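Before any comments, here is the structure.
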Amino acid sequence: MELLIPRSEYIKHKVNRGGMSKNKKLERFISWKTPAGRNMFSIHKIDERIRIAARFLLDKNFLIIGTELDKEYCEKFGKFTGAKVISNYTSSIISNPHNKEYFEPEILFVTNVDENRNAIEEANINRVPVLAFCNTNSDVSGVDLIIPLNTTNKYAIGLSLWLILNEMRKLKKEKEIPFEEFMRKE
């Protein structure tokens with residue numbers, strides 16, 4: 001299958017660049033190791049998982065939890081998809097109906113599992129499926145759909161969100177959002 005974008009674009013944005021250590025559960029997504037010891041994700045597996053994520057999220061009511069690093073891209077993703085976006089998760093947003101920020105998503109989408117363990121645990125307790133961006137050394141417990149990619153680079157996250165967004169739009173037969181428009185600072 002042809003990649004969603006040229007291989008060189010994945011490399012340019014460091015999407016496939018993992019960490020020095022790895023979680024055994026993520027080995028199936030790692031294709032090689034640099035001479036310096038850095039684990040590198042398979043670009044084909046990243047691309048495949050992005051397509052799956054788009055189908056998984058399509059027409060669902062979901063919550064995306066980002067970090068300070070990727071806040072602007074999460075907000076744009078939310079604007080185009082209608083998803084609720086939270087940058088700093090505070091406990092009980094998805095588990096306590098008395099919380100003023102309470103939200104009951106069909107899916108929880110997390111851009112960094114290591115920074116949002118609390119949200120993942122709450123989603124698991126409430127039987128909400130979890131889709132997450134995971135680096136080579138991420139703790140993937142409680143994650144239903146892993147999207148392997150570099151979670152330490154905001155451009156890698158931005159590009160991946162843009163790819164998921166446009167794959168969702170293609171499935172709905174809607175016009176794609178240009179990359180420059182999505183990545184532009186507002």
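Order determines the names: the first chain of the structure tokens is A, the second B, and so forth; residues in each chain are numbered 1 upward, and ligands are numbered 1 upward as they are shown.
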Inset, instruction - Find the spatial neighbours of stretch 86-103 of chain A, counting only C-alpha atoms, within a cut-off of 7 Å - ignore same-chain residues fewer than 2 positions away - and output them as a PyMOL selection string. - result: chain A and resi 64-68+71+84+105+118-119+122+126
Please tabulate, as a tab-separated table, the residues of stretch 80-148 of chain A that come within 12 Å of stretch 12-21 of chain A, each with its closest pair of atoms and the distance in Å to one decimal, counting only C-alpha atoms and ordering rows by chain, then residue number upward.
residue	atom	partner	partner_atom	distance
A:Phe133	CA	A:Val15	CA	10.8
A:Cys134	CA	A:Gly18	CA	9.4
A:Asn135	CA	A:Gly18	CA	5.9
A:Thr136	CA	A:Gly18	CA	5.3
A:Asn137	CA	A:Ser21	CA	5.6
A:Ser138	CA	A:Ser21	CA	9.4
A:Asp139	CA	A:Ser21	CA	11.8
A:Ile147	CA	A:Val15	CA	10.9
A:Pro148	CA	A:Asn16	CA	7.9
Legend entry - Those of stretch 123-179 of chain A in DSSP helix (DSSP H, G or I), formatted as an MDAnalysis selection string: chainID A and resid 123:125 154:171 179
Export N, CA and C atoms of the chosen residues as a PDB file, in the first residue's frame?
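Final output, part02.pdb:
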ATOM      1  N   ALA A 123     -10.253   6.374  32.098  1.00  0.00           N
ATOM      2  CA  ALA A 123     -10.948   5.846  30.911  1.00  0.00           C
ATOM      3  C   ALA A 123     -11.128   4.337  31.035  1.00  0.00           C
ATOM      4  N   ASN A 124     -10.096   3.642  31.490  1.00  0.00           N
ATOM      5  CA  ASN A 124     -10.197   2.194  31.652  1.00  0.00           C
ATOM      6  C   ASN A 124     -11.261   1.811  32.676  1.00  0.00           C
ATOM      7  N   ILE A 125     -11.326   2.536  33.775  1.00  0.00           N
ATOM      8  CA  ILE A 125     -12.338   2.276  34.809  1.00  0.00           C
ATOM      9  C   ILE A 125     -13.743   2.464  34.238  1.00  0.00           C
ATOM     10  N   LYS A 154       7.128  18.268  18.618  1.00  0.00           N
ATOM     11  CA  LYS A 154       5.799  18.805  18.326  1.00  0.00           C
ATOM     12  C   LYS A 154       5.447  18.739  16.844  1.00  0.00           C
ATOM     13  N   TYR A 155       6.444  18.810  15.960  1.00  0.00           N
ATOM     14  CA  TYR A 155       6.157  18.739  14.529  1.00  0.00           C
ATOM     15  C   TYR A 155       5.769  17.319  14.112  1.00  0.00           C
ATOM     16  N   ALA A 156       6.357  16.329  14.758  1.00  0.00           N
ATOM     17  CA  ALA A 156       5.983  14.935  14.500  1.00  0.00           C
ATOM     18  C   ALA A 156       4.532  14.713  14.927  1.00  0.00           C
ATOM     19  N   ILE A 157       4.171  15.267  16.079  1.00  0.00           N
ATOM     20  CA  ILE A 157       2.790  15.146  16.576  1.00  0.00           C
ATOM     21  C   ILE A 157       1.842  15.928  15.675  1.00  0.00           C
ATOM     22  N   GLY A 158       2.232  17.142  15.300  1.00  0.00           N
ATOM     23  CA  GLY A 158       1.396  17.971  14.416  1.00  0.00           C
ATOM     24  C   GLY A 158       1.141  17.299  13.083  1.00  0.00           C
ATOM     25  N   LEU A 159       2.182  16.760  12.468  1.00  0.00           N
ATOM     26  CA  LEU A 159       2.031  16.066  11.193  1.00  0.00           C
ATOM     27  C   LEU A 159       1.109  14.857  11.338  1.00  0.00           C
ATOM     28  N   SER A 160       1.273  14.116  12.415  1.00  0.00           N
ATOM     29  CA  SER A 160       0.448  12.921  12.635  1.00  0.00           C
ATOM     30  C   SER A 160      -1.017  13.274  12.846  1.00  0.00           C
ATOM     31  N   LEU A 161      -1.275  14.341  13.599  1.00  0.00           N
ATOM     32  CA  LEU A 161      -2.663  14.796  13.777  1.00  0.00           C
ATOM     33  C   LEU A 161      -3.260  15.236  12.446  1.00  0.00           C
ATOM     34  N   TRP A 162      -2.477  15.943  11.635  1.00  0.00           N
ATOM     35  CA  TRP A 162      -2.930  16.386  10.316  1.00  0.00           C
ATOM     36  C   TRP A 162      -3.258  15.187   9.428  1.00  0.00           C
ATOM     37  N   LEU A 163      -2.420  14.152   9.480  1.00  0.00           N
ATOM     38  CA  LEU A 163      -2.673  12.953   8.675  1.00  0.00           C
ATOM     39  C   LEU A 163      -3.960  12.252   9.106  1.00  0.00           C
ATOM     40  N   ILE A 164      -4.166  12.129  10.409  1.00  0.00           N
ATOM     41  CA  ILE A 164      -5.406  11.505  10.909  1.00  0.00           C
ATOM     42  C   ILE A 164      -6.610  12.336  10.485  1.00  0.00           C
ATOM     43  N   LEU A 165      -6.516  13.653  10.658  1.00  0.00           N
ATOM     44  CA  LEU A 165      -7.603  14.562  10.270  1.00  0.00           C
ATOM     45  C   LEU A 165      -7.959  14.383   8.798  1.00  0.00           C
ATOM     46  N   ASN A 166      -6.963  14.428   7.931  1.00  0.00           N
ATOM     47  CA  ASN A 166      -7.255  14.333   6.500  1.00  0.00           C
ATOM     48  C   ASN A 166      -7.716  12.947   6.082  1.00  0.00           C
ATOM     49  N   GLU A 167      -7.260  11.932   6.767  1.00  0.00           N
ATOM     50  CA  GLU A 167      -7.755  10.583   6.463  1.00  0.00           C
ATOM     51  C   GLU A 167      -9.232  10.491   6.866  1.00  0.00           C
ATOM     52  N   MET A 168      -9.599  11.102   7.989  1.00  0.00           N
ATOM     53  CA  MET A 168     -11.009  11.139   8.399  1.00  0.00           C
ATOM     54  C   MET A 168     -11.837  11.905   7.373  1.00  0.00           C
ATOM     55  N   ARG A 169     -11.309  13.021   6.897  1.00  0.00           N
ATOM     56  CA  ARG A 169     -12.031  13.838   5.904  1.00  0.00           C
ATOM     57  C   ARG A 169     -12.188  13.076   4.588  1.00  0.00           C
ATOM     58  N   LYS A 170     -11.159  12.323   4.193  1.00  0.00           N
ATOM     59  CA  LYS A 170     -11.259  11.508   2.968  1.00  0.00           C
ATOM     60  C   LYS A 170     -12.368  10.473   3.099  1.00  0.00           C
ATOM     61  N   LEU A 171     -12.431   9.832   4.267  1.00  0.00           N
ATOM     62  CA  LEU A 171     -13.461   8.818   4.501  1.00  0.00           C
ATOM     63  C   LEU A 171     -14.869   9.412   4.448  1.00  0.00           C
ATOM     64  N   PHE A 179      -1.691  21.152   4.533  1.00  0.00           N
ATOM     65  CA  PHE A 179      -0.712  20.994   5.605  1.00  0.00           C
ATOM     66  C   PHE A 179      -0.274  22.357   6.158  1.00  0.00           C
TER      67      PHE A 179
END
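Across A:Phe56, A:Tyr10, A:Phe41, A:Phe77, the tightest approach to A:Asp144 is made by A:Phe56 when counting only C-alpha atoms.
Distances here use only C-alpha atoms; by that measure, the residue among A:Ile120, A:Phe29, A:Gly82, A:Cys74 closest to A:Glu48 is A:Phe29.
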Using only C-alpha atoms, find each residue of stretch 129-151 of chain A with at least one atom at most 7 Å away from an atom of stretch 106-111 of chain A; report its shortest atom-to-atom pair and that distance in Å (one decimal), sort the rows by chain and rising residue number, and return the result as CSV.
residue,atom,partner,partner_atom,distance
A:Pro129,CA,A:Ile107,CA,5.1
A:Val130,CA,A:Leu108,CA,4.8
A:Leu131,CA,A:Phe109,CA,4.8
A:Ala132,CA,A:Val110,CA,4.7
A:Phe133,CA,A:Thr111,CA,4.9
Legend entry - Test item: residues at most 10 Å from A:Glu27, only C-alpha atoms, excluding those fewer than 3 positions along its chain, as a ChimeraX atom specification: /A:22-24,30-32,39,41,136-137
